[in-house]
Every structure is written in structure tokens, then in C-alpha cells.
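> Here you go, this is entry-v4.cif (mmCIF, C-alpha atoms).
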data_model
loop_
_atom_site.label_atom_id
_atom_site.label_comp_id
_atom_site.auth_asym_id
_atom_site.auth_seq_id
_atom_site.Cartn_x
_atom_site.Cartn_y
_atom_site.Cartn_z
CA MET A 1 -6.65 -31.68 -72.72
CA GLN A 2 -8.01 -31.75 -69.15
CA GLY A 3 -9.96 -34.83 -68.23
CA PRO A 4 -12.78 -35.46 -65.74
CA PHE A 5 -10.33 -36.54 -63.05
CA PHE A 6 -8.47 -33.22 -63.21
CA THR A 7 -11.74 -31.26 -63.08
CA CYS A 8 -12.83 -33.28 -60.05
CA ARG A 9 -9.56 -32.53 -58.24
CA ILE A 10 -9.96 -28.81 -58.89
CA ALA A 11 -13.47 -28.91 -57.46
CA HIS A 12 -12.20 -30.84 -54.44
CA PHE A 13 -9.49 -28.27 -53.69
CA ARG A 14 -11.97 -25.43 -54.13
CA ARG A 15 -14.32 -27.02 -51.61
CA ARG A 16 -11.50 -27.47 -49.11
CA ALA A 17 -10.32 -23.90 -49.60
CA LEU A 18 -13.88 -22.64 -49.14
CA LEU A 19 -14.30 -24.65 -45.93
CA ALA A 20 -10.97 -23.35 -44.59
CA LEU A 21 -11.99 -19.80 -45.38
CA LEU A 22 -15.34 -20.24 -43.64
CA PHE A 23 -13.58 -21.75 -40.61
CA PHE A 24 -11.19 -18.79 -40.44
CA VAL A 25 -14.03 -16.29 -40.80
CA CYS A 26 -15.80 -17.96 -37.90
CA LEU A 27 -12.70 -17.88 -35.71
CA VAL A 28 -11.88 -14.20 -36.18
CA PRO A 29 -14.88 -12.84 -34.25
CA LEU A 30 -14.13 -15.28 -31.42
CA ALA A 31 -10.53 -14.06 -31.23
CA VAL A 32 -11.58 -10.43 -31.31
CA ARG A 33 -14.15 -11.01 -28.57
CA SER A 34 -11.50 -12.80 -26.48
CA GLN A 35 -9.04 -9.93 -26.83
CA THR A 36 -11.63 -7.29 -26.02
CA ALA A 37 -13.35 -9.05 -23.11
CA PRO A 38 -14.50 -6.43 -20.60
CA TRP A 39 -12.00 -5.77 -17.83
CA PRO A 40 -11.65 -7.42 -15.39
CA ALA A 41 -12.05 -10.87 -16.88
CA ARG A 42 -9.81 -12.60 -14.32
CA THR A 43 -8.12 -12.05 -10.94
CA VAL A 44 -6.50 -8.64 -10.37
CA THR A 45 -3.43 -8.39 -8.12
CA VAL A 46 -3.12 -5.31 -5.92
CA VAL A 47 0.50 -4.93 -4.83
CA VAL A 48 1.30 -3.31 -1.46
CA GLY A 49 4.87 -2.30 -0.68
CA PHE A 50 4.61 -2.61 3.09
CA GLU A 51 4.08 -5.20 5.79
CA ALA A 52 0.75 -6.87 6.41
CA GLY A 53 -1.23 -5.29 9.22
CA GLY A 54 -0.16 -1.69 8.68
CA VAL A 55 -2.65 1.03 7.72
CA THR A 56 -1.73 0.89 4.02
CA ASP A 57 -2.18 -2.87 3.95
CA VAL A 58 -5.47 -2.85 5.88
CA LEU A 59 -6.86 -0.10 3.67
CA ALA A 60 -5.79 -1.94 0.50
CA ARG A 61 -7.58 -5.09 1.67
CA LEU A 62 -10.74 -3.17 2.55
CA ILE A 63 -10.91 -1.51 -0.87
CA SER A 64 -9.96 -4.73 -2.69
CA ARG A 65 -12.80 -6.65 -1.02
CA ASN A 66 -15.25 -4.01 -2.12
CA LEU A 67 -13.89 -4.02 -5.67
CA SER A 68 -14.24 -7.81 -5.79
CA GLU A 69 -17.91 -7.55 -4.83
CA GLU A 70 -18.64 -4.70 -7.23
CA MET A 71 -16.79 -6.01 -10.28
CA GLY A 72 -17.48 -9.72 -9.91
CA GLN A 73 -13.79 -10.65 -10.08
CA THR A 74 -11.28 -11.30 -7.32
CA PHE A 75 -8.93 -8.49 -6.31
CA ILE A 76 -6.16 -10.01 -4.19
CA VAL A 77 -3.58 -8.11 -2.14
CA GLU A 78 0.05 -9.15 -2.46
CA ASN A 79 2.60 -7.72 -0.03
CA LYS A 80 6.04 -6.99 -1.48
CA GLY A 81 7.69 -5.18 1.40
CA GLY A 82 11.19 -3.78 1.45
CA ALA A 83 13.23 -0.69 0.59
CA GLY A 84 10.50 1.73 1.62
CA GLY A 85 8.06 0.36 -0.94
CA ILE A 86 10.54 0.52 -3.82
CA LEU A 87 10.47 -3.22 -4.54
CA ALA A 88 6.71 -3.17 -5.01
CA ALA A 89 6.73 -0.03 -7.14
CA SER A 90 9.47 -1.42 -9.38
CA TYR A 91 7.57 -4.67 -9.79
CA VAL A 92 4.39 -2.92 -10.92
CA ALA A 93 6.21 -0.41 -13.12
CA HIS A 94 7.54 -3.32 -15.19
CA ALA A 95 4.36 -5.41 -15.15
CA ALA A 96 2.16 -5.90 -18.20
CA PRO A 97 -0.01 -2.80 -18.75
CA ASP A 98 -3.24 -4.80 -18.90
CA GLY A 99 -4.99 -3.77 -15.69
CA TYR A 100 -4.29 -7.04 -13.88
CA THR A 101 -1.37 -5.78 -11.77
CA LEU A 102 -2.03 -2.60 -9.80
CA LEU A 103 -0.05 -0.71 -7.18
CA PHE A 104 -1.68 0.48 -3.98
CA ALA A 105 0.76 3.33 -3.56
CA ALA A 106 1.73 5.59 -0.66
CA ALA A 107 2.89 9.17 -1.12
CA PRO A 108 6.43 8.84 0.33
CA GLN A 109 6.98 5.56 -1.53
CA MET A 110 6.45 7.34 -4.84
CA LEU A 111 7.62 10.88 -4.12
CA ALA A 112 10.24 10.78 -1.35
CA THR A 113 12.06 7.45 -1.44
CA PRO A 114 13.05 7.83 -5.13
CA LYS A 115 14.86 11.02 -4.16
CA ILE A 116 17.06 9.23 -1.64
CA GLN A 117 17.51 5.80 -3.22
CA SER A 118 18.48 4.50 -6.62
CA VAL A 119 15.27 3.21 -8.18
CA LYS A 120 14.36 1.52 -11.45
CA PHE A 121 11.24 3.53 -12.16
CA ASP A 122 9.99 7.07 -12.63
CA ALA A 123 6.95 7.84 -10.48
CA ILE A 124 5.50 10.11 -13.16
CA ALA A 125 6.53 8.50 -16.45
CA ASP A 126 6.22 4.82 -15.54
CA PHE A 127 2.77 4.86 -13.98
CA ALA A 128 -0.80 5.70 -14.91
CA THR A 129 -2.52 7.41 -12.00
CA VAL A 130 -5.99 6.13 -11.16
CA SER A 131 -7.22 7.74 -7.93
CA PRO A 132 -6.33 8.27 -4.28
CA VAL A 133 -8.69 6.63 -1.81
CA GLY A 134 -7.70 8.37 1.40
CA SER A 135 -5.18 10.45 3.31
CA ASN A 136 -3.62 9.31 6.57
CA SER A 137 -3.16 11.52 9.60
CA PHE A 138 -0.17 11.15 11.90
CA VAL A 139 -0.03 11.79 15.64
CA LEU A 140 3.05 12.67 17.66
CA ALA A 141 3.08 10.26 20.60
CA ILE A 142 5.65 10.03 23.41
CA LYS A 143 6.22 7.56 26.21
CA PRO A 144 4.39 8.61 29.38
CA SER A 145 7.47 8.56 31.60
CA ILE A 146 8.56 11.80 29.93
CA PRO A 147 7.18 14.63 32.10
CA ALA A 148 5.52 16.54 29.27
CA LYS A 149 1.88 17.03 28.34
CA THR A 150 2.31 19.65 25.62
CA ILE A 151 4.59 20.18 22.66
CA PRO A 152 6.45 23.12 24.29
CA GLU A 153 7.04 21.01 27.41
CA PHE A 154 8.36 18.14 25.36
CA VAL A 155 10.67 20.40 23.35
CA ALA A 156 12.04 21.89 26.58
CA TYR A 157 12.65 18.37 27.92
CA ALA A 158 14.30 17.26 24.66
CA LYS A 159 16.75 20.14 24.80
CA THR A 160 18.27 18.70 27.96
CA HIS A 161 17.88 14.98 27.25
CA GLN A 162 18.87 12.56 24.51
CA ILE A 163 15.72 11.72 22.52
CA THR A 164 15.06 8.72 20.29
CA TYR A 165 12.29 8.30 17.74
CA GLY A 166 11.11 5.29 15.79
CA SER A 167 9.94 4.76 12.23
CA PRO A 168 9.25 1.93 9.76
CA GLY A 169 12.51 2.78 8.03
CA ALA A 170 14.60 5.49 6.42
CA GLY A 171 12.57 7.61 4.03
CA SER A 172 9.20 6.54 5.43
CA ILE A 173 6.75 9.34 6.10
CA THR A 174 7.11 8.72 9.84
CA HIS A 175 10.87 9.16 9.57
CA LEU A 176 10.53 12.31 7.47
CA LEU A 177 7.86 13.84 9.72
CA SER A 178 9.98 13.17 12.78
CA ALA A 179 13.06 14.72 11.20
CA LEU A 180 11.06 17.73 10.07
CA PHE A 181 9.63 18.23 13.57
CA VAL A 182 13.05 17.84 15.18
CA SER A 183 14.48 20.41 12.77
CA ARG A 184 11.63 22.89 13.25
CA ALA A 185 11.81 22.54 17.06
CA GLY A 186 15.59 22.92 17.18
CA ILE A 187 16.24 19.73 19.13
CA GLN A 188 18.49 16.71 18.67
CA ALA A 189 17.16 13.17 18.34
CA THR A 190 18.36 9.75 17.22
CA HIS A 191 16.46 7.81 14.60
CA VAL A 192 15.69 4.16 15.41
CA PRO A 193 14.40 2.34 12.30
CA PHE A 194 12.17 -0.74 12.56
CA ARG A 195 10.92 -3.21 9.97
CA GLY A 196 7.40 -1.81 10.22
CA GLY A 197 5.18 0.71 11.96
CA GLY A 198 3.69 -1.96 14.21
CA GLN A 199 7.11 -2.73 15.66
CA ALA A 200 7.82 0.96 16.21
CA LEU A 201 4.56 1.47 18.09
CA THR A 202 5.17 -1.62 20.19
CA SER A 203 8.58 -0.26 21.11
CA LEU A 204 7.04 3.06 22.14
CA LEU A 205 4.41 1.31 24.27
CA ALA A 206 7.22 -0.63 25.94
CA GLY A 207 9.09 2.60 26.66
CA GLN A 208 12.05 1.61 24.49
CA ILE A 209 11.90 4.75 22.32
CA ASP A 210 10.84 8.26 23.29
CA MET A 211 8.61 9.38 20.45
CA TYR A 212 6.84 8.11 17.38
CA PHE A 213 4.67 9.69 14.67
CA SER A 214 1.95 7.06 14.44
CA PRO A 215 -0.93 6.78 11.97
CA ILE A 216 -3.94 7.92 13.93
CA GLY A 217 -5.76 4.64 13.42
CA ASN A 218 -3.04 2.79 15.32
CA VAL A 219 -3.09 5.02 18.40
CA LEU A 220 -6.81 5.71 18.74
CA PRO A 221 -7.19 2.65 21.01
CA TYR A 222 -4.72 4.32 23.38
CA VAL A 223 -6.32 7.77 23.57
CA ASN A 224 -7.38 7.29 27.18
CA SER A 225 -4.58 4.90 28.02
CA PRO A 226 -1.65 5.66 30.36
CA GLN A 227 0.67 3.89 27.90
CA VAL A 228 1.24 6.92 25.65
CA THR A 229 0.90 10.69 25.66
CA LEU A 230 -0.47 12.27 22.49
CA LEU A 231 0.99 15.73 21.91
CA GLY A 232 -0.01 16.88 18.42
CA VAL A 233 -1.28 15.96 14.97
CA ALA A 234 0.65 16.55 11.75
CA THR A 235 -2.33 17.96 9.87
CA GLN A 236 -3.48 21.35 8.65
CA GLN A 237 -6.45 21.35 11.03
CA ARG A 238 -7.37 19.60 14.26
CA LEU A 239 -8.93 16.18 13.85
CA ALA A 240 -12.51 15.34 14.78
CA GLN A 241 -11.27 12.15 16.47
CA LEU A 242 -8.86 14.16 18.67
CA PRO A 243 -10.44 17.61 19.07
CA ASN A 244 -8.34 18.49 22.12
CA VAL A 245 -5.01 17.60 20.52
CA PRO A 246 -3.45 20.61 18.76
CA THR A 247 -1.83 20.56 15.35
CA ILE A 248 1.94 20.72 15.41
CA GLY A 249 1.61 23.66 13.04
CA GLU A 250 0.15 25.70 15.89
CA PHE A 251 3.69 25.73 17.30
CA TYR A 252 5.87 24.96 14.27
CA PRO A 253 4.22 25.90 10.95
CA ASN A 254 4.39 23.63 7.90
CA THR A 255 5.14 20.48 9.88
CA VAL A 256 2.95 18.35 7.63
CA LEU A 257 3.56 16.10 4.63
CA PRO A 258 1.35 14.51 1.94
CA SER A 259 0.22 11.11 3.19
CA TRP A 260 -2.27 9.67 0.69
CA ASN A 261 -2.79 6.12 -0.46
CA GLY A 262 -4.09 5.44 -3.94
CA PHE A 263 -4.19 3.21 -6.99
CA MET A 264 -1.66 3.38 -9.80
CA ALA A 265 -1.16 1.14 -12.81
CA PRO A 266 1.74 0.53 -15.19
CA ALA A 267 2.12 3.24 -17.83
CA ARG A 268 0.31 2.50 -21.09
CA THR A 269 -2.52 0.72 -19.28
CA PRO A 270 -5.54 1.32 -21.55
CA LYS A 271 -7.40 4.50 -20.67
CA ASP A 272 -10.75 2.73 -20.59
CA ILE A 273 -9.47 0.40 -17.84
CA VAL A 274 -8.03 3.29 -15.82
CA ASP A 275 -11.24 5.30 -16.17
CA LYS A 276 -13.44 2.32 -15.26
CA LEU A 277 -11.45 1.66 -12.09
CA ALA A 278 -11.46 5.37 -11.19
CA ARG A 279 -15.25 5.54 -11.57
CA SER A 280 -15.69 2.44 -9.43
CA LEU A 281 -13.47 3.86 -6.69
CA ASP A 282 -15.30 7.19 -6.76
CA ALA A 283 -18.70 5.50 -6.39
CA MET A 284 -17.34 3.28 -3.63
CA ILE A 285 -15.85 6.12 -1.58
CA LYS A 286 -19.09 8.08 -1.88
CA ASN A 287 -20.94 5.15 -0.30
CA PRO A 288 -21.47 6.19 3.35
CA ALA A 289 -20.79 2.69 4.66
CA THR A 290 -17.47 2.44 2.85
CA ALA A 291 -16.43 5.96 3.82
CA ALA A 292 -17.25 5.18 7.46
CA ALA A 293 -15.15 2.01 7.35
CA ILE A 294 -12.23 3.98 5.90
CA ASN A 295 -12.59 6.77 8.44
CA LYS A 296 -12.61 4.20 11.23
CA LEU A 297 -9.02 3.40 10.25
CA GLY A 298 -8.11 7.03 10.88
CA VAL A 299 -8.00 7.70 7.14
CA GLU A 300 -9.87 10.56 5.47
CA ALA A 301 -11.68 9.06 2.48
CA GLU A 302 -11.21 10.91 -0.83
CA THR A 303 -10.98 10.40 -4.57
CA GLN A 304 -9.76 12.35 -7.59
CA SER A 305 -9.89 11.88 -11.34
CA PRO A 306 -6.82 10.29 -12.94
CA GLN A 307 -5.76 13.69 -14.32
CA GLU A 308 -6.21 15.44 -10.96
CA PHE A 309 -4.23 12.71 -9.23
CA SER A 310 -1.44 13.08 -11.79
CA GLU A 311 -1.20 16.82 -11.15
CA ARG A 312 -1.22 16.19 -7.41
CA LEU A 313 1.83 13.94 -7.68
CA LYS A 314 3.82 16.70 -9.29
CA SER A 315 2.94 19.31 -6.65
CA ASP A 316 3.25 16.95 -3.66
CA SER A 317 6.74 15.92 -4.72
CA LEU A 318 8.11 19.35 -3.85
CA GLN A 319 6.74 19.21 -0.28
CA PHE A 320 9.11 16.39 0.67
CA ASP A 321 12.31 18.29 -0.10
CA ASP A 322 12.63 20.08 3.28
CA ALA A 323 11.92 16.88 5.20
CA ILE A 324 14.47 14.89 3.21
CA LYS A 325 17.07 17.57 3.92
CA ALA A 326 16.18 17.60 7.62
CA ALA A 327 16.58 13.82 7.77
CA GLY A 328 20.07 14.14 6.28
CA LEU A 329 19.07 12.06 3.28
CA LYS A 330 19.93 14.63 0.63
#
Give the structure from the file, written as C-alpha cells.

Amino acid sequence: MQGPFFTCRIAHFRRRALLALLFFVCLVPLAVRSQTAPWPARTVTVVVGFEAGGVTDVLARLISRNLSEEMGQTFIVENKGGAGGILAASYVAHAAPDGYTLLFAAAPQMLATPKIQSVKFDAIADFATVSPVGSNSFVLAIKPSIPAKTIPEFVAYAKTHQITYGSPGAGSITHLLSALFVSRAGIQATHVPFRGGGQALTSLLAGQIDMYFSPIGNVLPYVNSPQVTLLGVATQQRLAQLPNVPTIGEFYPNTVLPSWNGFMAPARTPKDIVDKLARSLDAMIKNPATAAAINKLGVEAETQSPQEFSERLKSDSLQFDDAIKAAGLK
């Protein structure tokens, strides 16, 4: 027969069990709210695969500052240079798909370099596209000691002289554009790789190399300078900043390559995070002040939806094949 002591113990255990249950019930909503806190709830790292000070880096920092202000969380830029941007892309491809590690990608880094190097990622399968933010324009510049003021004059000179051209490295868009131009023009030239575009431009200004395809933003300060001669732009149409400089396509058609910069995230990043970032970028780029700041870098501001950007990657990839072949990289 059960006595009063036993009954009291049962009641005691029931009270403890009830209190534990209530405690658990109270904790569950807190845990759920913690796991579903609106993104971004902490610092976001934007990884750049190139040296600090280049157009891609400067553009990434400009956009990241604006994102920090708009979203109330810090967006920091981290440079992981090397291997034509492959190190940075590999790092982000294998990062946690939580929206806190993003890649500020460049077209050749994702679409050309993987065709000529062994990489540990797939540009299509291992990334979630967010949006481009702008396209760079490249200008063919030569040292002024070369007696040429037009593309035909330069090609004629190059056919009787040994020409050198600089780039930030094998597989970079500058390297591929140069090789494509050399192939289209039927001339011979020696590639001189540097650690970055800034070094290549400095070498051109010093007269140590003969030609360089520079991002327009880097050579605009020298438009009226005797230090360089600008011969042509690798764009479909003439640029407003250089209305008197012809496109290279006016002499050698299809001498142009995709040159966008944009945001990508690890595959399986939640769609709501990708869409939120894409909407923020679209609103930002449509702000006249931001667009003007981007254009000042020589970059044409633009955005696309994540789906449009994904389709663009697939079509742009094919455009690099001729340039890679011309550069002897395939």
C-alpha cells in the first residue's frame, strides 16, 4: 500500500517535470527566432580575387560601403589574390551557404580561367548568382615613342618590330583581349605578365612595354597626357568618355570580351537571402549618385535578376573560347 511519503514524491517529480517542460517550451521560440534572424545579422565578407587598388577591388569597396549603410551591417572586402582569381572563387565555393561569405566575381575569373587551369569549383553548379553591378571597358594604349596614332598605323609598325604587351597575368581579360587583338591583326607580340594591372600600366607609362589593354578608369587621367597614346576601345560602341577613340571592332570585328563584375554566393545559399541582396543592389544601382560614382571608375553600372545573371554566365562562357585559343592557352 502506498503511503503519504510516496504520494508526495510523485507530486514532487510531476512538478519538476512540469517546470522542465515549461522551460523547454519557452526556449524553443527563442531558438527558432535565433535561427531565422533576418539576414544580415552580422558582418558579411565580400571576397575579391585580385589585388587592392585595381578596378574590381575599388568597385567592390564602393558597393560594400553602400550595402553597409543600407543594411545596417558591415560588409567588409577581403582580398584573396592569386591564380587569376581562382583562389578566391574556390574559397567562396566551399564556404558556408549562409549569405555571410560572398564573391565579388569578374567574368574571366569565372568563365575563362577555369578553362585553362585546374580548379576546384564549377562556376555554374557551385555558385548562386546574385547580380552584376557593372561592366568594365578596356582601352588599347601604347607607349608614345611608337610612331602611330591609329590602329592601322600601329599594326603596320608591329609587323616590322617586336612588340610586347602587359597584363595582370595569364588568363586575365587583359591578356585574352591582347591575344585576340594580336590574332585578329595578324601581328606577333610577346606577353609580359605582371602581378597586377597597376604594375602593367606603370610599366607602360615608363616605356618598358609597348602596349596594354587598360581598364578605362585607369587611363582616363592620361587622356591628354603625352605619356600614352590611346588607339581604340574594346567595346561594341564608342564610349562617351572617349568619343574620338574608335572601337577596335571598326577595324577588326568581334574584338571584345565580357567584362562584368558581380556578386555570387555559394550554391545552396537560401533564395530569400539571394533575392534580398539582388533587390538591394538593383535599388542601389538605380540611385543616380551611386551610378555616377560607378561610372566615374569607367564602369557601366548595371544589374540583372539572379536568373538573368545565371543565363548570362552560360552564354558569356562561349565568347572566351576564341581568345583562349589565340593566347595559346587551349
> Spell out the residues picked by the PyMOL selection byres ((chain A and resi 137) around 6) here, as a count of residues only.
4
> Which is closest to A:Val44 among A:Val77, A:Val139, A:Ala60, A:Leu318, if we use only C-alpha atoms?
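That would be A:Val77, the residue with the smallest distance to A:Val44.
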> Given the file above and the PyMOL selection byres ((chain A and resi 113-116) around 7), which residues are selected, and can you give them as number ranges by chain?
A: 84, 108-112, 117-119, 171, 329-330
> Emit the selected residues as a short mmCIF file (atom, residue, chain, number, x, y, z; two decimals), keeping the file's coordinate frame, including C-alpha atoms.

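And here's again22.cif as it stands now:
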data_model
loop_
_atom_site.label_atom_id
_atom_site.label_comp_id
_atom_site.auth_asym_id
_atom_site.auth_seq_id
_atom_site.Cartn_x
_atom_site.Cartn_y
_atom_site.Cartn_z
CA GLY A 84 10.50 1.73 1.62
CA PRO A 108 6.43 8.84 0.33
CA GLN A 109 6.98 5.56 -1.53
CA MET A 110 6.45 7.34 -4.84
CA LEU A 111 7.62 10.88 -4.12
CA ALA A 112 10.24 10.78 -1.35
CA GLN A 117 17.51 5.80 -3.22
CA SER A 118 18.48 4.50 -6.62
CA VAL A 119 15.27 3.21 -8.18
CA GLY A 171 12.57 7.61 4.03
CA LEU A 329 19.07 12.06 3.28
CA LYS A 330 19.93 14.63 0.63
#
> With distances taken over only C-alpha atoms, which of A:Leu140, A:Ala88, A:Ile294, A:Val155 is nearest to A:Ser183?
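Selected residue with least distance to A:Ser183: A:Val155.
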> Please report, as JSON, the centre and edge lengths in Å to one decimal of an axis-aligned box covering all listed atoms of stretch 116-127 of chain A with 6 Å per side.

{"center_x": 10.6, "center_y": 5.8, "center_z": -9.0, "size_x": 27.7, "size_y": 20.6, "size_z": 26.8}
> Apply the PyMOL selection byres ((chain A and resi 145) around 9) to the file shown and report the selected residues as a list in words.
Ile142, Lys143, Pro144, Ile146, Pro147, Ala148, Gly207, Asp210 and Val228 of chain A
> Can you spit out the residues from that selection as a CSV table (one decimal), keeping the file's coordinate frame, using C-alpha atoms?

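Final file, out.csv:
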chain,number,residue,atom,x,y,z
A,142,ILE,CA,5.6,10.0,23.4
A,143,LYS,CA,6.2,7.6,26.2
A,144,PRO,CA,4.4,8.6,29.4
A,146,ILE,CA,8.6,11.8,29.9
A,147,PRO,CA,7.2,14.6,32.1
A,148,ALA,CA,5.5,16.5,29.3
A,207,GLY,CA,9.1,2.6,26.7
A,210,ASP,CA,10.8,8.3,23.3
A,228,VAL,CA,1.2,6.9,25.6
> Take the point (-14.4, 8.1, -7.9) as written in the file and pick out every residue within 10 Å of it, counting all atoms listed in the file; give the list as a list in words.
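In the file's frame, the residues around the point are Val130, Ser131, Pro132, Val133, Asp275, Lys276, Leu277, Ala278, Arg279, Ser280, Leu281, Asp282, Ala283, Met284, Ile285, Lys286, Glu302, Thr303, Gln304, Ser305 and Pro306 of chain A.
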> Quick one, how far is atom CA of A:Gln241 from atom CA of A:Gln319?
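Rounded to one decimal, the two atoms are 25.6 Å apart.
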> Interatomic distance between atom CA of A:Thr269 and atom CA of A:His94?
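Taking atom CA of A:Thr269 and atom CA of A:His94, their separation equals 11.6 Å.
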> Taking into account only C-alpha atoms, which residue in the set A:Ser172, A:Gln73, A:Thr129, A:Asn261 is nearest to A:Ile86?
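Of all the options, A:Ser172 lies closest to A:Ile86.
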> Which residue, A:Thr150, A:Ser64, A:Leu180, A:Leu87, has the smallest gap to A:Asn244 when you use only C-alpha atoms?
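With only C-alpha atoms as the atom set, the closest residue is A:Thr150.
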> Is it possible to add N, CA and C atoms to stretch 143-174 of chain A and hand it back as a short mmCIF file (atom, residue, chain, number, x, y, z; two decimals), in the coordinates of the input?

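Result file out-v2.cif:
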data_model
loop_
_atom_site.label_atom_id
_atom_site.label_comp_id
_atom_site.auth_asym_id
_atom_site.auth_seq_id
_atom_site.Cartn_x
_atom_site.Cartn_y
_atom_site.Cartn_z
N LYS A 143 6.41 8.49 25.09
CA LYS A 143 6.22 7.56 26.21
C LYS A 143 5.83 8.37 27.45
N PRO A 144 4.95 7.83 28.27
CA PRO A 144 4.39 8.61 29.38
C PRO A 144 5.37 8.92 30.50
N SER A 145 6.50 8.26 30.54
CA SER A 145 7.47 8.56 31.60
C SER A 145 8.15 9.92 31.39
N ILE A 146 8.03 10.45 30.17
CA ILE A 146 8.56 11.80 29.93
C ILE A 146 7.59 12.81 30.54
N PRO A 147 8.07 13.68 31.40
CA PRO A 147 7.18 14.63 32.10
C PRO A 147 6.77 15.80 31.21
N ALA A 148 5.97 15.50 30.19
CA ALA A 148 5.52 16.54 29.27
C ALA A 148 4.11 16.20 28.81
N LYS A 149 3.25 17.20 28.80
CA LYS A 149 1.88 17.03 28.34
C LYS A 149 1.56 17.91 27.14
N THR A 150 2.50 18.76 26.76
CA THR A 150 2.31 19.65 25.62
C THR A 150 3.56 19.63 24.76
N ILE A 151 3.44 20.12 23.55
CA ILE A 151 4.59 20.18 22.66
C ILE A 151 5.69 21.08 23.22
N PRO A 152 5.38 22.29 23.71
CA PRO A 152 6.45 23.12 24.29
C PRO A 152 7.16 22.43 25.46
N GLU A 153 6.41 21.72 26.29
CA GLU A 153 7.04 21.01 27.41
C GLU A 153 7.96 19.90 26.91
N PHE A 154 7.53 19.20 25.89
CA PHE A 154 8.36 18.14 25.36
C PHE A 154 9.63 18.69 24.72
N VAL A 155 9.51 19.79 23.98
CA VAL A 155 10.67 20.40 23.35
C VAL A 155 11.66 20.87 24.41
N ALA A 156 11.15 21.45 25.50
CA ALA A 156 12.04 21.89 26.58
C ALA A 156 12.76 20.70 27.20
N TYR A 157 12.04 19.59 27.37
CA TYR A 157 12.65 18.37 27.92
C TYR A 157 13.72 17.84 26.96
N ALA A 158 13.39 17.82 25.65
CA ALA A 158 14.30 17.26 24.66
C ALA A 158 15.59 18.06 24.55
N LYS A 159 15.55 19.31 24.90
CA LYS A 159 16.75 20.14 24.80
C LYS A 159 17.77 19.83 25.89
N THR A 160 17.34 19.06 26.89
CA THR A 160 18.27 18.70 27.96
C THR A 160 18.41 17.18 28.11
N HIS A 161 17.80 16.43 27.21
CA HIS A 161 17.88 14.98 27.25
C HIS A 161 18.11 14.41 25.85
N GLN A 162 18.68 13.23 25.79
CA GLN A 162 18.87 12.56 24.51
C GLN A 162 17.58 11.86 24.12
N ILE A 163 17.01 12.24 22.97
CA ILE A 163 15.72 11.72 22.52
C ILE A 163 15.91 10.71 21.38
N THR A 164 15.08 9.67 21.40
CA THR A 164 15.06 8.72 20.29
C THR A 164 13.67 8.70 19.68
N TYR A 165 13.60 8.45 18.39
CA TYR A 165 12.29 8.30 17.74
C TYR A 165 12.33 7.12 16.78
N GLY A 166 11.19 6.46 16.64
CA GLY A 166 11.11 5.29 15.79
C GLY A 166 10.41 5.57 14.48
N SER A 167 10.63 4.67 13.52
CA SER A 167 9.94 4.76 12.23
C SER A 167 9.98 3.39 11.56
N PRO A 168 9.18 3.19 10.51
CA PRO A 168 9.25 1.93 9.76
C PRO A 168 10.45 1.83 8.84
N GLY A 169 11.32 2.83 8.86
CA GLY A 169 12.51 2.78 8.03
C GLY A 169 12.88 4.12 7.44
N ALA A 170 14.11 4.24 7.00
CA ALA A 170 14.60 5.49 6.42
C ALA A 170 13.78 5.87 5.19
N GLY A 171 13.35 7.12 5.16
CA GLY A 171 12.57 7.61 4.03
C GLY A 171 11.08 7.42 4.18
N SER A 172 10.64 6.69 5.20
CA SER A 172 9.20 6.54 5.43
C SER A 172 8.64 7.89 5.87
N ILE A 173 7.33 8.05 5.74
CA ILE A 173 6.75 9.34 6.10
C ILE A 173 6.90 9.61 7.59
N THR A 174 6.89 8.55 8.41
CA THR A 174 7.11 8.72 9.84
C THR A 174 8.51 9.24 10.11
#
